[in-house]
Each structure stands twice: as structure tokens, then as C-alpha cells.
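Colleague: Can you keep this structure in mind? I'll have questions shortly.
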Amino acid sequence: MSLDAFVQRWSQGWRGPALAALIALLAGLPGVFAMPPLDRDESRFAQATAQMLESGDFVVIRFQDAPRFKKPVGIHWLQAAAVTVVSSPEAREIWAYRLPSLLGAMLAAAACVWGARTFFGGETALFAGAILGSTLLLSTEAFIAKTDAVLCGAVTLAMAALARIYAQRFRTTGRFERLMFWLAISLATLVKGPVGPMVVALAVIMLTVWDRRAGWLRNIGWGWGVILFAAICGPWAVAFTTATDGTFWSTTLIN
């Protein structure tokens with residue numbers, strides 16, 4: 001099979017996102033197992049997650065004896081799930097805490113293909129996702145147990161869904177695109193607060209200004225989308241605010 005035939009075949013349907021995700025996996029996987037903890041932030045994320053598992057407190061994030069009000073709880077929940085499935089908190093195996101980052105990089109590459117296909121066709125979209133998945137920056141973040149790779153995956157998915165919604169602005173958008181959009185926004189918010197929604201909001205503002213029309217925004221599904229967002233992010237926000245008497249929010253705003 002020629003290279004052109006291979007690219008054409010694997011750029012169609014589900015194969016394009018799957019192949020881009022595989023490339024991201026191959027680029028990041030060696031570092032997951034080979035590299036020791038790279039900096040103090042990674043070690044602190046992993047230690048806070050281990051303490052969460054050992055204490056059974058999945059609401060208040062702590063590092064040693066002090067509360068850790070740096071980020072929302074999303075990355076710690078993902079790391080806790082990974083450690084529960086493949087390891088144990090007692091083992092303190094750093095590779096287990098890195099798996100959500102690896103999956104986040106894979107999601108970013110796959111979502112890039114899905115979104116780019118709308119405007120540029122399958123083959124160009126496949127190359128875009130493959131390039132993203134194999135970049136030095138993303139493949140490095142893929143084996144660091146922090147928020148960045150997961151945030152990249154969530155934001156890329158949200159932007160890809162937004163791109164598909166925008167491309168179909170003159171007709172009703174499929175529910176799948178709208179569902180992916182709101183799930184991605186919710187994940188980004190749980191992982192790193194307002195950063196993800198801010199990226200999407202800036203894109204929406206610029207598109208609206210460029211087109212001088214905002215009617216296509218009706219296709220996003222605001223009614224049930226906001227309810228879904230609140231259902232995903234709201235319970236932890238309420239529980240955490242109650243448990244800390246609002247300290248997290250005041251600390252975050254001051255810093």
C-alpha cells in the first residue's frame with residue numbers, strides 16, 4: 001500500500017482521530033515510565049492525590065498538613081481513579097499518576113483531527129492531529145502528572161466542537177457536537193477553573209465580531225448545556241465552599 005493510499009484510508013471516519021491519538025500515545029508513553037518526578041509541582045500533585053486516597057476526603061485537597069488551594073479538584077480525581085485501577089497510593093509509583101496526562105494528550109490529538117476535518121478535509125486534519133500529538137511540548141506534558149495535558153485535551157475538544165457548531169451555523173447542529181462542547185467545558189473547569197471557558201469565550205467573541213452576527217450561538221444548546229455544566233461542576237464547588245468556609249475562593253482571587 002502506498003503512503004498516499006494509507007493516509008487516505010486512515011483519515012476517514014473514526015480512523016483519523018484514533019491514529020492521531022495513537023501517535024500521541026507513542027510520543028508520550030516512554031517518558032511515563034522512564035522519567036523520575038520532574039519538578040516539585042508534579043510531586044506535590046501526586047502527593048496530594050495520594051493523601052486524598054488515603055484519607056478518603058475527595059473534597060478538600062491537602063498537601064501534607066496544609067490545604068492546597070492551587071487548582072480545582074478535577075486532576076486529583078482523575079489521578080485517583082488511575083491509581084485505584086493500576087496501582088495503589090502506598091506504592092507511590094509516579095507513572096500511575098501520569099496516566100491522565102497521557103490520556104489528555106491523546107484526547108487533544110484526536111479532537112484536533114475531529115475539528116480540523118470540518119474545514120480542511122480528512123487528510124489535512126490527520127496531519128494536524130499527528131503533528132500536535134508528536135510535538136515536543138505536548139509529548140513532554142503527557143508524562144508530567146499535572147493539569148496541562150488534560151487541560152489541553154479538554155480545551156481542544158471544546159474548540160473542535162465549537163468549530164463544528166460554527167461550520168453548521170446555518171442549520172441545526174447535531175446533538176453530539178453540543179454534548180462534547182459542554183462536557184469539554186465542564187472538564188476544563190474542573191481541572192483548571194476559568195482558563196478553558198476563557199479560551200472558548202475569546203474565540204466566540206472574535207467570531208461574532210468578525211461575522212457581525214451572533215445567531216449561530218443558538219446552536220450551542222444553552223438550556224440543557226448550562227444545566228449539564230452545573231450538574232458536573234456544581235456539587236464539588238458547593239461541597240468545597242462549605243467545607244472550607246469559602247477560603248478556596250478568597251485565596252484564589254487574592255493570588
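Here, A, B, ... name the chains of the C-alpha cells in the order displayed, residue numbers run from 1 inside each chain, and ligands are numbered from 1 in the same displayed order.
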With only C-alpha atoms as the counted atoms, please give the residues lying no more than 9 Å from segment 70-87 of chain A, apart from itself and same-chain residues fewer than 6 positions off, as a ChimeraX atom specification.

Modeller: /A:45-46,48-50,52-53,58-61,93,96-101,145-147,150,187-193,236-237,248,251-252

Colleague: Each residue of segment 127-155 of chain A with at least one atom at most 12 Å from segment 199-215 of chain A should appear once, together with its nearest atom pair and the corresponding distance in Å (one decimal); atoms considered: only C-alpha atoms; ordering: chain, then increasing residue number; output as a Markdown table.

Modeller:
```
| residue | atom | partner | partner_atom | distance |
| --- | --- | --- | --- | --- |
| A:Leu151 | CA | A:Val199 | CA | 11.2 |
| A:Cys152 | CA | A:Val199 | CA | 11.0 |
| A:Ala154 | CA | A:Val200 | CA | 10.9 |
| A:Val155 | CA | A:Val199 | CA | 7.7 |
```

Colleague: Output N, CA, C and O atoms of each residue in that selection to a file, as a PDB file, in the first residue's frame.

Modeller:
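Wrote again.pdb, looks like this:
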```
ATOM      1  N   LEU A 151      -5.833  19.664  30.506  1.00  0.00           N
ATOM      2  CA  LEU A 151      -6.460  20.928  30.097  1.00  0.00           C
ATOM      3  C   LEU A 151      -6.374  21.104  28.587  1.00  0.00           C
ATOM      4  O   LEU A 151      -7.346  21.534  27.947  1.00  0.00           O
ATOM      5  N   CYS A 152      -5.230  20.766  27.998  1.00  0.00           N
ATOM      6  CA  CYS A 152      -5.077  20.860  26.548  1.00  0.00           C
ATOM      7  C   CYS A 152      -6.096  19.969  25.840  1.00  0.00           C
ATOM      8  O   CYS A 152      -6.719  20.392  24.859  1.00  0.00           O
ATOM      9  N   ALA A 154      -9.034  18.930  26.996  1.00  0.00           N
ATOM     10  CA  ALA A 154     -10.388  19.455  27.189  1.00  0.00           C
ATOM     11  C   ALA A 154     -10.633  20.693  26.332  1.00  0.00           C
ATOM     12  O   ALA A 154     -11.689  20.821  25.696  1.00  0.00           O
ATOM     13  N   VAL A 155      -9.668  21.609  26.294  1.00  0.00           N
ATOM     14  CA  VAL A 155      -9.840  22.837  25.510  1.00  0.00           C
ATOM     15  C   VAL A 155      -9.861  22.525  24.019  1.00  0.00           C
ATOM     16  O   VAL A 155     -10.661  23.112  23.265  1.00  0.00           O
TER      17      VAL A 155
END
```

Colleague: For Phe181 of chain A, work out the shell of residues within 9 Å, counting only C-alpha atoms and skipping chain neighbours fewer than 5 positions away, then give it as a PyMOL selection string.

Modeller: chain A and resi 157-162+176+186+220+225

Colleague: Write out, as a compact mmCIF listing (two decimals), in the first residue's frame, the residues just selected, with C-alpha atoms.

Modeller:
```
# COMPACT_ATOMS: atom_id res chain seq x y z
CA LEU A 157 -12.17 19.17 22.34
CA ALA A 158 -14.24 22.24 23.24
CA MET A 159 -12.73 24.23 20.37
CA ALA A 160 -13.23 21.35 17.94
CA ALA A 161 -16.89 21.05 18.92
CA LEU A 162 -17.28 24.83 18.66
CA PHE A 176 -23.24 15.05 19.69
CA SER A 186 -17.02 21.12 32.32
CA ILE A 220 -24.73 25.63 21.25
CA GLY A 225 -25.85 22.72 28.40
```

Colleague: Per DSSP on the backbone, filter segment 124-237 of chain A down to the residues in helix (DSSP H, G or I) and report them as JSON, numbers by chain.

Modeller: {"A": [124, 125, 126, 127, 128, 129, 130, 131, 132, 133, 134, 136, 137, 138, 139, 140, 141, 148, 149, 150, 151, 152, 153, 154, 155, 156, 157, 158, 159, 160, 161, 162, 163, 164, 165, 166, 167, 175, 176, 177, 178, 179, 180, 181, 182, 183, 184, 185, 186, 187, 188, 189, 190, 191, 192, 195, 196, 197, 198, 199, 200, 201, 202, 203, 204, 205, 206, 207, 208, 209, 210, 211, 215, 216, 217, 218, 219, 220, 222, 223, 224, 225, 226, 227, 228, 229, 230, 231, 232, 233, 234, 235, 236, 237]}

Colleague: Take atom CA of Gly122 of chain A and atom CA of Pro17 of chain A and report the distance between them in Å, one decimal.

Modeller: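 Computing it gives 9.8 Å between the two atoms.
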
Colleague: Extract, using only C-alpha atoms, all DNA, RNA and protein residues at most 12 Å from Glu141 of chain A, discarding same-chain residues fewer than 3 positions from it, and format them as a PyMOL selection string.

Modeller: chain A and resi 24-25+27-29+31-32+35+38+42+98-106+108+133-138+144-153

Colleague: Restricting the calculation to only C-alpha atoms: of A:Asn219, A:Thr140, A:Gln8, A:Thr242, which residue gets closest to Pro30 of chain A?

Modeller: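 With only C-alpha atoms as the atom set, the closest residue is A:Thr140.
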
Colleague: In Å, with one decimal, what is the gap from atom CA of Arg164 of chain A to atom CA of Glu123 of chain A?

Modeller: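 Going from atom CA of Arg164 of chain A over to atom CA of Glu123 of chain A, I get 17.0 Å.
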
Colleague: Apply DSSP to the structure's backbone, then extract all residues of segment 1-242 of chain A labelled strand (DSSP E or B) and return them as a list in words.

Modeller: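 DSSP on the backbone gives strand (DSSP E or B) at Arg62, Phe63, Ala66 and Pro67 of chain A.
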